[in-house]
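Just entry-v6.pdb here, PDB, C-alpha atoms:
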ATOM      1  CA  MET A  21       0.000   0.000   0.000  1.00  0.00           C
ATOM      2  CA  ILE A  22       1.111   3.503  -0.782  1.00  0.00           C
ATOM      3  CA  THR A  23      -0.369   6.538   0.931  1.00  0.00           C
ATOM      4  CA  PHE A  24       0.010   9.961  -0.603  1.00  0.00           C
ATOM      5  CA  ASN A  25      -0.583  12.602   2.054  1.00  0.00           C
ATOM      6  CA  THR A  26      -1.676  15.540  -0.077  1.00  0.00           C
ATOM      7  CA  THR A  27      -2.556  19.130   0.753  1.00  0.00           C
ATOM      8  CA  LEU A  28      -6.223  18.053   0.461  1.00  0.00           C
ATOM      9  CA  GLY A  29      -5.969  14.773   2.424  1.00  0.00           C
ATOM     10  CA  PRO A  30      -4.701  11.205   2.035  1.00  0.00           C
ATOM     11  CA  ILE A  31      -5.031   8.888  -0.956  1.00  0.00           C
ATOM     12  CA  VAL A  32      -4.320   5.187  -0.373  1.00  0.00           C
ATOM     13  CA  ILE A  33      -3.277   3.063  -3.334  1.00  0.00           C
ATOM     14  CA  GLU A  34      -2.924  -0.672  -3.775  1.00  0.00           C
ATOM     15  CA  LEU A  35      -0.656  -1.865  -6.593  1.00  0.00           C
ATOM     16  CA  PHE A  36      -1.428  -4.687  -9.028  1.00  0.00           C
ATOM     17  CA  GLU A  37       2.036  -6.222  -8.771  1.00  0.00           C
ATOM     18  CA  GLU A  38       1.013  -9.497 -10.422  1.00  0.00           C
ATOM     19  CA  GLU A  39      -0.765  -7.932 -13.409  1.00  0.00           C
ATOM     20  CA  ALA A  40       1.735  -5.087 -13.953  1.00  0.00           C
ATOM     21  CA  PRO A  41       5.066  -6.104 -12.373  1.00  0.00           C
ATOM     22  CA  VAL A  42       7.322  -3.659 -14.267  1.00  0.00           C
ATOM     23  CA  THR A  43       5.016  -0.696 -13.757  1.00  0.00           C
ATOM     24  CA  SER A  44       4.343  -1.522 -10.097  1.00  0.00           C
ATOM     25  CA  LYS A  45       8.062  -1.835  -9.333  1.00  0.00           C
ATOM     26  CA  ASN A  46       8.770   1.442 -11.141  1.00  0.00           C
ATOM     27  CA  PHE A  47       6.074   3.241  -9.125  1.00  0.00           C
ATOM     28  CA  LEU A  48       7.147   1.625  -5.858  1.00  0.00           C
ATOM     29  CA  ASP A  49      10.775   2.646  -6.473  1.00  0.00           C
ATOM     30  CA  TYR A  50       9.666   6.252  -6.952  1.00  0.00           C
ATOM     31  CA  ALA A  51       7.472   6.093  -3.830  1.00  0.00           C
ATOM     32  CA  GLU A  52      10.179   4.555  -1.622  1.00  0.00           C
ATOM     33  CA  SER A  53      12.778   7.090  -2.764  1.00  0.00           C
ATOM     34  CA  GLY A  54      10.518  10.028  -1.856  1.00  0.00           C
ATOM     35  CA  PHE A  55      10.442  11.213  -5.481  1.00  0.00           C
ATOM     36  CA  PHE A  56       6.733  12.085  -5.354  1.00  0.00           C
ATOM     37  CA  ASN A  57       7.117  14.303  -2.267  1.00  0.00           C
ATOM     38  CA  GLY A  58       6.552  17.901  -3.326  1.00  0.00           C
ATOM     39  CA  THR A  59       5.119  16.989  -6.733  1.00  0.00           C
ATOM     40  CA  LEU A  60       1.797  18.394  -7.857  1.00  0.00           C
ATOM     41  CA  PHE A  61      -1.466  17.080  -9.138  1.00  0.00           C
ATOM     42  CA  HIS A  62      -0.877  19.273 -12.169  1.00  0.00           C
ATOM     43  CA  ARG A  63      -3.664  18.193 -14.517  1.00  0.00           C
ATOM     44  CA  VAL A  64      -7.297  17.957 -13.441  1.00  0.00           C
ATOM     45  CA  ILE A  65     -10.087  17.167 -15.875  1.00  0.00           C
ATOM     46  CA  PRO A  66     -13.374  16.634 -13.984  1.00  0.00           C
ATOM     47  CA  GLY A  67     -15.183  13.486 -15.106  1.00  0.00           C
ATOM     48  CA  PHE A  68     -11.985  12.139 -16.687  1.00  0.00           C
ATOM     49  CA  VAL A  69      -8.688  12.057 -14.721  1.00  0.00           C
ATOM     50  CA  ILE A  70      -6.429  13.721 -12.186  1.00  0.00           C
ATOM     51  CA  GLN A  71      -2.726  13.510 -13.054  1.00  0.00           C
ATOM     52  CA  GLY A  72       0.437  13.913 -11.009  1.00  0.00           C
ATOM     53  CA  GLY A  73       3.942  12.664 -10.396  1.00  0.00           C
ATOM     54  CA  GLY A  74       6.095  14.810 -12.639  1.00  0.00           C
ATOM     55  CA  MET A  75       5.763  18.518 -11.869  1.00  0.00           C
ATOM     56  CA  GLU A  76       6.949  20.575  -8.939  1.00  0.00           C
ATOM     57  CA  SER A  77       5.772  23.941  -7.635  1.00  0.00           C
ATOM     58  CA  GLY A  78       5.515  26.532 -10.384  1.00  0.00           C
ATOM     59  CA  MET A  79       4.821  23.780 -12.962  1.00  0.00           C
ATOM     60  CA  ASN A  80       8.506  22.912 -13.209  1.00  0.00           C
ATOM     61  CA  ASP A  81       9.317  19.459 -14.614  1.00  0.00           C
ATOM     62  CA  LYS A  82      10.833  16.977 -12.175  1.00  0.00           C
ATOM     63  CA  LYS A  83      13.170  14.677 -14.061  1.00  0.00           C
ATOM     64  CA  GLY A  84      12.340  11.023 -13.545  1.00  0.00           C
ATOM     65  CA  ASN A  85      14.014   7.764 -14.463  1.00  0.00           C
ATOM     66  CA  PRO A  86      14.161   6.390 -18.017  1.00  0.00           C
ATOM     67  CA  PRO A  87      10.843   5.242 -19.537  1.00  0.00           C
ATOM     68  CA  ILE A  88       9.470   1.748 -18.924  1.00  0.00           C
ATOM     69  CA  GLN A  89       7.769  -0.874 -21.065  1.00  0.00           C
ATOM     70  CA  ASN A  90       4.035  -0.239 -21.487  1.00  0.00           C
ATOM     71  CA  GLU A  91       2.066  -3.041 -19.778  1.00  0.00           C
ATOM     72  CA  ALA A  92      -1.363  -1.860 -20.964  1.00  0.00           C
ATOM     73  CA  ASN A  93      -1.784  -5.245 -22.676  1.00  0.00           C
ATOM     74  CA  ASN A  94      -2.223  -6.864 -19.231  1.00  0.00           C
ATOM     75  CA  GLY A  95      -6.020  -7.072 -19.541  1.00  0.00           C
ATOM     76  CA  VAL A  96      -6.694  -4.605 -16.692  1.00  0.00           C
ATOM     77  CA  LYS A  97      -9.110  -1.841 -17.672  1.00  0.00           C
ATOM     78  CA  ASN A  98      -9.087   1.908 -16.998  1.00  0.00           C
ATOM     79  CA  LEU A  99     -12.032   1.815 -14.600  1.00  0.00           C
ATOM     80  CA  LYS A 100     -13.102   4.459 -12.096  1.00  0.00           C
ATOM     81  CA  TRP A 101     -10.542   4.755  -9.255  1.00  0.00           C
ATOM     82  CA  SER A 102      -7.860   2.822 -11.171  1.00  0.00           C
ATOM     83  CA  LEU A 103      -4.293   4.121 -11.317  1.00  0.00           C
ATOM     84  CA  SER A 104      -2.564   4.261 -14.703  1.00  0.00           C
ATOM     85  CA  MET A 105       0.693   5.503 -16.164  1.00  0.00           C
ATOM     86  CA  ALA A 106       0.684   8.764 -18.088  1.00  0.00           C
ATOM     87  CA  ARG A 107       2.832   8.926 -21.193  1.00  0.00           C
ATOM     88  CA  THR A 108       3.437  10.847 -24.399  1.00  0.00           C
ATOM     89  CA  ASN A 109       2.175   9.659 -27.790  1.00  0.00           C
ATOM     90  CA  GLU A 110       5.043   7.145 -27.764  1.00  0.00           C
ATOM     91  CA  PRO A 111       3.538   3.969 -26.190  1.00  0.00           C
ATOM     92  CA  HIS A 112       6.651   3.098 -24.151  1.00  0.00           C
ATOM     93  CA  SER A 113       7.382   6.574 -22.740  1.00  0.00           C
ATOM     94  CA  ALA A 114       5.913   6.349 -19.213  1.00  0.00           C
ATOM     95  CA  SER A 115       8.293   7.294 -16.403  1.00  0.00           C
ATOM     96  CA  SER A 116       6.963   8.897 -13.197  1.00  0.00           C
ATOM     97  CA  GLN A 117       3.666  10.537 -14.134  1.00  0.00           C
ATOM     98  CA  PHE A 118       0.445   8.734 -13.289  1.00  0.00           C
ATOM     99  CA  PHE A 119      -3.258   9.427 -13.312  1.00  0.00           C
ATOM    100  CA  ILE A 120      -6.339   8.326 -11.408  1.00  0.00           C
ATOM    101  CA  ASN A 121      -9.411   7.615 -13.528  1.00  0.00           C
ATOM    102  CA  LEU A 122     -12.491   9.530 -12.369  1.00  0.00           C
ATOM    103  CA  GLN A 123     -14.803   7.363 -14.500  1.00  0.00           C
ATOM    104  CA  ASN A 124     -14.572   4.236 -16.631  1.00  0.00           C
ATOM    105  CA  ASN A 125     -12.299   5.411 -19.462  1.00  0.00           C
ATOM    106  CA  VAL A 126     -12.646   2.672 -22.076  1.00  0.00           C
ATOM    107  CA  SER A 127     -10.920   4.881 -24.669  1.00  0.00           C
ATOM    108  CA  LEU A 128      -7.678   4.554 -22.666  1.00  0.00           C
ATOM    109  CA  ASP A 129      -7.656   0.736 -22.697  1.00  0.00           C
ATOM    110  CA  HIS A 130      -5.279  -1.370 -24.779  1.00  0.00           C
ATOM    111  CA  THR A 131      -6.794  -2.609 -28.037  1.00  0.00           C
ATOM    112  CA  GLU A 132      -3.757  -3.591 -30.116  1.00  0.00           C
ATOM    113  CA  GLU A 133       0.011  -3.178 -30.201  1.00  0.00           C
ATOM    114  CA  THR A 134       0.048  -0.154 -32.497  1.00  0.00           C
ATOM    115  CA  ILE A 135       0.746   3.518 -31.757  1.00  0.00           C
ATOM    116  CA  GLN A 136      -3.009   4.187 -31.626  1.00  0.00           C
ATOM    117  CA  GLY A 137      -3.995   1.000 -29.811  1.00  0.00           C
ATOM    118  CA  TRP A 138      -1.447   0.587 -27.015  1.00  0.00           C
ATOM    119  CA  GLY A 139      -3.492   2.332 -24.364  1.00  0.00           C
ATOM    120  CA  TYR A 140      -2.437   3.286 -20.838  1.00  0.00           C
ATOM    121  CA  ALA A 141      -1.156   0.727 -18.328  1.00  0.00           C
ATOM    122  CA  VAL A 142      -3.358   0.207 -15.278  1.00  0.00           C
ATOM    123  CA  PHE A 143      -1.208  -0.851 -12.324  1.00  0.00           C
ATOM    124  CA  GLY A 144      -3.224  -0.122  -9.193  1.00  0.00           C
ATOM    125  CA  GLU A 145      -6.324   1.372  -7.657  1.00  0.00           C
ATOM    126  CA  VAL A 146      -7.405   3.809  -4.993  1.00  0.00           C
ATOM    127  CA  VAL A 147      -8.651   1.858  -1.963  1.00  0.00           C
ATOM    128  CA  ASP A 148      -9.188   4.785   0.428  1.00  0.00           C
ATOM    129  CA  GLY A 149      -9.232   8.558   0.204  1.00  0.00           C
ATOM    130  CA  PHE A 150     -11.947   8.735  -2.434  1.00  0.00           C
ATOM    131  CA  GLU A 151     -13.097  12.057  -0.941  1.00  0.00           C
ATOM    132  CA  THR A 152      -9.579  13.455  -1.478  1.00  0.00           C
ATOM    133  CA  VAL A 153      -9.624  12.380  -5.127  1.00  0.00           C
ATOM    134  CA  GLU A 154     -13.058  13.998  -5.527  1.00  0.00           C
ATOM    135  CA  ALA A 155     -11.822  17.210  -3.843  1.00  0.00           C
ATOM    136  CA  ILE A 156      -8.886  17.366  -6.266  1.00  0.00           C
ATOM    137  CA  ALA A 157     -11.243  16.708  -9.189  1.00  0.00           C
ATOM    138  CA  ALA A 158     -13.504  19.577  -8.044  1.00  0.00           C
ATOM    139  CA  THR A 159     -10.752  22.190  -7.910  1.00  0.00           C
ATOM    140  CA  GLU A 160     -10.853  25.185 -10.246  1.00  0.00           C
ATOM    141  CA  THR A 161      -8.405  24.967 -13.144  1.00  0.00           C
ATOM    142  CA  GLY A 162      -6.878  27.222 -15.779  1.00  0.00           C
ATOM    143  CA  SER A 163      -3.835  27.552 -18.023  1.00  0.00           C
ATOM    144  CA  VAL A 164      -0.250  28.022 -16.870  1.00  0.00           C
ATOM    145  CA  SER A 165       2.141  28.809 -19.722  1.00  0.00           C
ATOM    146  CA  PHE A 166       1.472  26.021 -22.261  1.00  0.00           C
ATOM    147  CA  HIS A 167      -0.185  23.688 -19.718  1.00  0.00           C
ATOM    148  CA  GLN A 168      -3.970  23.438 -19.551  1.00  0.00           C
ATOM    149  CA  ASP A 169      -6.307  22.031 -16.855  1.00  0.00           C
ATOM    150  CA  VAL A 170      -3.894  23.147 -14.102  1.00  0.00           C
ATOM    151  CA  PRO A 171      -5.353  23.674 -10.605  1.00  0.00           C
ATOM    152  CA  LEU A 172      -5.311  27.409  -9.821  1.00  0.00           C
ATOM    153  CA  GLU A 173      -4.202  26.567  -6.279  1.00  0.00           C
ATOM    154  CA  GLU A 174      -1.333  24.079  -6.154  1.00  0.00           C
ATOM    155  CA  ILE A 175      -2.274  20.643  -4.825  1.00  0.00           C
ATOM    156  CA  SER A 176       0.829  18.743  -3.801  1.00  0.00           C
ATOM    157  CA  ILE A 177       1.896  15.434  -2.348  1.00  0.00           C
ATOM    158  CA  ILE A 178       3.374  16.354   1.033  1.00  0.00           C
ATOM    159  CA  ASP A 179       4.787  12.929   1.740  1.00  0.00           C
ATOM    160  CA  THR A 180       4.571   9.326   0.621  1.00  0.00           C
ATOM    161  CA  VAL A 181       4.211   6.376   2.989  1.00  0.00           C
ATOM    162  CA  VAL A 182       4.872   2.822   1.787  1.00  0.00           C
ATOM    163  CA  SER A 183       3.522   0.033   3.982  1.00  0.00           C
ATOM    164  CA  SER A 184       3.251  -3.729   3.578  1.00  0.00           C
ATOM    165  CA  GLU A 185      -0.396  -3.813   4.616  1.00  0.00           C
TER     166      GLU A 185
END

Show me the file's structure as structure tokens.
Amino acid sequence: MITFNTTLGPIVIELFEEEAPVTSKNFLDYAESGFFNGTLFHRVIPGFVIQGGGMESGMNDKKGNPPIQNEANNGVKNLKWSLSMARTNEPHSASSQFFINLQNNVSLDHTEETIQGWGYAVFGEVVDGFETVEAIAATETGSVSFHQDVPLEEISIIDTVVSSE
């Protein structure tokens, strides 16, 4: 279990280590190292996703580790409350950024191993702190430089707690 203590409350996540071993290990390594501490939930689209794990205060990029293999072909779907890896248009470009699905997002699921069909790897789910996720999703957003859907008040991960339970 991983607990993000955010400026709006805790979010508790359980990883799908069996279904997404590479992605889960990558995320766990970031969590254990404290990488996520001080990062923002920098993209909020109500009814779609909240995204974090790669930007610091002022919308400055936080450099992560090299990209990992996309495990979106693991059969796990982008359902409400699931945790998935964010990436660029390149299917195997995920590093530290993640998102929490605010609804069932079938359009993000793997359909085939092509640029268009790879989808986004689901590797965990929120098991507690749903009200925190909803509070983040309800925040007012705007544009900051070339970034859109940015919370007008920064929402950050204060600290990350990894536990075996």

Worksheet item: Out of A:Thr159, A:Gly67, A:Val146, A:Pro87, which residue has the shortest atom-to-atom distance to A:Asn125 when counting all atoms listed in the file?
Response: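 Looking only at the distances to A:Asn125, the closest residue turns out to be A:Gly67.
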
Item to complete: Skip A:Asn85 itself and residues of its chain fewer than 4 positions away, then list as a PyMOL selection string all residues within 10 Å of it, counting only C-alpha atoms.
Response: chain A and resi 46+50+114-116

Worksheet entry | Counting all atoms listed in the file, the option among A:Ile135, A:Val182, A:Val153, A:Met21 closest to A:Glu110 |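 Smallest separation from A:Glu110 among the options: A:Ile135.
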
Selection under test: the PyMOL selection byres ((chain A and resi 97) around 8); residues as a tab-separated table (two decimals) with C-alpha atoms, in the frame of the given file:
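Resulting contents of selection-v6.tsv:
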chain	number	residue	atom	x	y	z
A	95	GLY	CA	-6.02	-7.07	-19.54
A	96	VAL	CA	-6.69	-4.61	-16.69
A	98	ASN	CA	-9.09	1.91	-17.00
A	99	LEU	CA	-12.03	1.82	-14.60
A	126	VAL	CA	-12.65	2.67	-22.08
A	129	ASP	CA	-7.66	0.74	-22.70
A	142	VAL	CA	-3.36	0.21	-15.28

Worksheet entry | Selected residue of minimal separation from A:Ile33 among A:Ser104, A:Thr59, A:Asn109, A:Ser163, counting all atoms listed in the file |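 Nearest to A:Ile33: A:Ser104.
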
Residues within 10 Å of A:His167, all atoms listed in the file, excluding chain neighbours under 2 positions, as a PDB file with C-alpha atoms, in the frame of the given file:
ATOM      1  CA  HIS A  62      -0.877  19.273 -12.169  1.00  0.00           C
ATOM      2  CA  ARG A  63      -3.664  18.193 -14.517  1.00  0.00           C
ATOM      3  CA  MET A  79       4.821  23.780 -12.962  1.00  0.00           C
ATOM      4  CA  GLY A 162      -6.878  27.222 -15.779  1.00  0.00           C
ATOM      5  CA  SER A 163      -3.835  27.552 -18.023  1.00  0.00           C
ATOM      6  CA  VAL A 164      -0.250  28.022 -16.870  1.00  0.00           C
ATOM      7  CA  SER A 165       2.141  28.809 -19.722  1.00  0.00           C
ATOM      8  CA  ASP A 169      -6.307  22.031 -16.855  1.00  0.00           C
ATOM      9  CA  VAL A 170      -3.894  23.147 -14.102  1.00  0.00           C
TER      10      VAL A 170
END

Please return stretch 114-125 of chain A, rebuilt to all heavy atoms, as a tab-separated table (two decimals), in the frame of the given file.
chain	number	residue	atom	x	y	z
A	114	ALA	N	6.29	6.06	-20.60
A	114	ALA	CA	5.91	6.35	-19.21
A	114	ALA	C	7.14	6.30	-18.31
A	114	ALA	O	8.00	5.45	-18.45
A	114	ALA	CB	4.87	5.35	-18.73
A	115	SER	N	7.19	7.24	-17.36
A	115	SER	CA	8.29	7.29	-16.40
A	115	SER	C	7.73	7.45	-14.99
A	115	SER	O	7.54	6.47	-14.29
A	115	SER	CB	9.24	8.45	-16.76
A	115	SER	OG	10.28	8.53	-15.82
A	116	SER	N	7.45	8.68	-14.56
A	116	SER	CA	6.96	8.90	-13.20
A	116	SER	C	5.52	9.38	-13.13
A	116	SER	O	4.87	9.23	-12.10
A	116	SER	CB	7.85	9.92	-12.48
A	116	SER	OG	7.75	11.19	-13.10
A	117	GLN	N	5.01	9.97	-14.20
A	117	GLN	CA	3.67	10.54	-14.13
A	117	GLN	C	2.58	9.47	-14.20
A	117	GLN	O	2.70	8.50	-14.95
A	117	GLN	CB	3.46	11.57	-15.24
A	117	GLN	CG	4.30	12.81	-15.02
A	117	GLN	CD	3.89	13.95	-15.93
A	117	GLN	OE1	2.71	14.11	-16.26
A	117	GLN	NE2	4.86	14.75	-16.33
A	118	PHE	N	1.56	9.68	-13.41
A	118	PHE	CA	0.44	8.73	-13.29
A	118	PHE	C	-0.86	9.51	-13.29
A	118	PHE	O	-0.87	10.74	-13.13
A	118	PHE	CB	0.58	7.92	-11.99
A	118	PHE	CG	0.53	8.79	-10.76
A	118	PHE	CD1	-0.68	9.10	-10.14
A	118	PHE	CD2	1.69	9.34	-10.24
A	118	PHE	CE1	-0.73	9.92	-9.02
A	118	PHE	CE2	1.66	10.16	-9.12
A	118	PHE	CZ	0.44	10.45	-8.51
A	119	PHE	N	-1.96	8.79	-13.45
A	119	PHE	CA	-3.26	9.43	-13.31
A	119	PHE	C	-4.23	8.47	-12.64
A	119	PHE	O	-4.06	7.26	-12.66
A	119	PHE	CB	-3.81	9.95	-14.65
A	119	PHE	CG	-4.02	8.91	-15.72
A	119	PHE	CD1	-5.22	8.22	-15.83
A	119	PHE	CD2	-3.02	8.64	-16.64
A	119	PHE	CE1	-5.42	7.27	-16.83
A	119	PHE	CE2	-3.21	7.71	-17.65
A	119	PHE	CZ	-4.42	7.02	-17.74
A	120	ILE	N	-5.24	9.07	-12.02
A	120	ILE	CA	-6.34	8.33	-11.41
A	120	ILE	C	-7.57	8.58	-12.26
A	120	ILE	O	-7.92	9.74	-12.54
A	120	ILE	CB	-6.57	8.77	-9.95
A	120	ILE	CG1	-5.33	8.47	-9.09
A	120	ILE	CG2	-7.82	8.09	-9.37
A	120	ILE	CD1	-5.36	9.07	-7.69
A	121	ASN	N	-8.20	7.51	-12.71
A	121	ASN	CA	-9.41	7.62	-13.53
A	121	ASN	C	-10.59	8.03	-12.65
A	121	ASN	O	-10.84	7.41	-11.61
A	121	ASN	CB	-9.71	6.27	-14.20
A	121	ASN	CG	-8.77	5.97	-15.34
A	121	ASN	OD1	-8.82	6.62	-16.37
A	121	ASN	ND2	-7.89	5.00	-15.15
A	122	LEU	N	-11.32	9.04	-13.10
A	122	LEU	CA	-12.49	9.53	-12.37
A	122	LEU	C	-13.79	8.91	-12.89
A	122	LEU	O	-14.86	9.16	-12.35
A	122	LEU	CB	-12.58	11.05	-12.49
A	122	LEU	CG	-11.37	11.82	-11.94
A	122	LEU	CD1	-11.51	13.30	-12.24
A	122	LEU	CD2	-11.20	11.57	-10.44
A	123	GLN	N	-13.68	8.10	-13.93
A	123	GLN	CA	-14.80	7.36	-14.50
A	123	GLN	C	-14.21	6.18	-15.25
A	123	GLN	O	-13.00	6.07	-15.37
A	123	GLN	CB	-15.60	8.25	-15.46
A	123	GLN	CG	-14.80	8.61	-16.71
A	123	GLN	CD	-15.62	9.37	-17.74
A	123	GLN	OE1	-16.72	9.82	-17.46
A	123	GLN	NE2	-15.10	9.49	-18.94
A	124	ASN	N	-15.06	5.31	-15.76
A	124	ASN	CA	-14.57	4.24	-16.63
A	124	ASN	C	-14.15	4.87	-17.95
A	124	ASN	O	-14.98	5.46	-18.65
A	124	ASN	CB	-15.67	3.19	-16.87
A	124	ASN	CG	-16.04	2.46	-15.60
A	124	ASN	OD1	-15.37	2.55	-14.58
A	124	ASN	ND2	-17.13	1.71	-15.65
A	125	ASN	N	-12.85	4.78	-18.26
A	125	ASN	CA	-12.30	5.41	-19.46
A	125	ASN	C	-11.88	4.34	-20.47
A	125	ASN	O	-10.70	4.07	-20.67
A	125	ASN	CB	-11.12	6.31	-19.09
A	125	ASN	CG	-11.57	7.59	-18.42
A	125	ASN	OD1	-12.51	8.23	-18.85
A	125	ASN	ND2	-10.88	7.96	-17.35
